[in-house]
Amino acid sequence: MRVSEPRWFAGSVHALFGAFVVVIGGSAGIGLATARLARAQGADVILTGRSHGRLTRAAAQLAARGAETFDANDPAALEGFFERLEAPIDHVMVTAGRPYYAQSASLLGGQLEERRSELRKSLPIGRVV
């Protein structure tokens with residue numbers, strides 16, 4: 001998994017133009033609405049979900065860059081998904097699965113401190129935890 005430099009186009013109708021957005025749980029509800037908004041703002045999106053049929057319909061409706069069916073509660077499936085992604089990821093929206101607060105650290109493969117340092121340098125916020 002590669003983490004790309006953030007793209008900031010505040011106030012633009014195409015605020016996410018050229019961004020790559022992953023929506024975990026993007027086949028319905030809040031996830032699908034988020035993916036729809038991201039596409040409207042110019043992002044390429046990839047959707048994930050458990051229901052292959054709903055996911056396929058949602059991906060076609062949005063002209064998504066891709067879609068993959070798996071259960072977000074399965075750590076091995078989630079890790080495998082991120083390992084297979086070739087495009088740099090700009091944003092990840094998680095609207096599926098149960099809380100598992102160590103997951104993002106394990107997805108970074110032991111590079112948590114390095115990523116925190118990168119975020120501190122690039123984000124216009126005072127604190128990165």
# chains A, B, ... in the order shown; residues from 1 in each chain; ligands from 1
$ residues_around --residues "range 13-23 of chain A" --least-positions-apart "2" --cutoff "7 Å" --atoms "only C-alpha atoms" --output "MDAnalysis selection string"
chainID A and resid 9:11 25:26 31 35 38 41:48 88:94
$ residues_around --residues "Ala63 in chain A" --least-positions-apart "3" --cutoff "10 Å" --atoms "only C-alpha atoms" --output "JSON, numbers by chain"
{"A": [36, 39, 44, 45, 46, 57, 58, 59, 60, 66]}
$ closest_residue --among "A:Thr34, A:Gly49, A:Ile24, A:Ala96" --to "Thr69 in chain A" --atoms "only C-alpha atoms"
A:Gly49
$ select_by_dssp --residues "range 27-86 of chain A" --states "alpha helix (DSSP H)" --output "ChimeraX atom specification"
/A:29-40,52-62,75-84
$ write_last_selection --atoms "C-alpha atoms" --output "compact mmCIF listing (two decimals), in the first residue's frame"
# COMPACT_ATOMS: atom_id res chain seq x y z
CA GLY A 29 -26.28 3.56 2.88
CA ILE A 30 -23.71 6.07 4.12
CA GLY A 31 -20.90 4.33 2.23
CA LEU A 32 -22.69 4.54 -1.11
CA ALA A 33 -23.69 8.17 -0.45
CA THR A 34 -20.06 9.00 0.39
CA ALA A 35 -18.83 7.29 -2.76
CA ARG A 36 -21.43 9.12 -4.84
CA LEU A 37 -20.31 12.47 -3.41
CA ALA A 38 -16.64 11.63 -3.97
CA ARG A 39 -17.36 10.77 -7.63
CA ALA A 40 -19.33 14.01 -8.03
CA HIS A 52 -21.64 -9.08 -4.43
CA GLY A 53 -24.92 -8.17 -6.15
CA ARG A 54 -25.38 -4.83 -4.37
CA LEU A 55 -21.70 -4.02 -4.79
CA THR A 56 -21.78 -4.73 -8.53
CA ARG A 57 -24.86 -2.53 -9.00
CA ALA A 58 -23.37 0.31 -6.94
CA ALA A 59 -20.05 0.16 -8.81
CA ALA A 60 -21.83 0.26 -12.18
CA GLN A 61 -24.08 3.13 -11.06
CA LEU A 62 -21.08 5.22 -10.01
CA PRO A 75 -8.60 -8.99 9.08
CA ALA A 76 -6.86 -11.23 6.53
CA ALA A 77 -9.30 -10.23 3.76
CA LEU A 78 -8.97 -6.55 4.65
CA GLU A 79 -5.18 -6.70 4.71
CA GLY A 80 -5.11 -8.62 1.42
CA PHE A 81 -7.34 -6.02 -0.20
CA PHE A 82 -4.99 -3.16 0.73
CA GLU A 83 -1.92 -5.14 -0.32
CA ARG A 84 -3.41 -5.65 -3.81
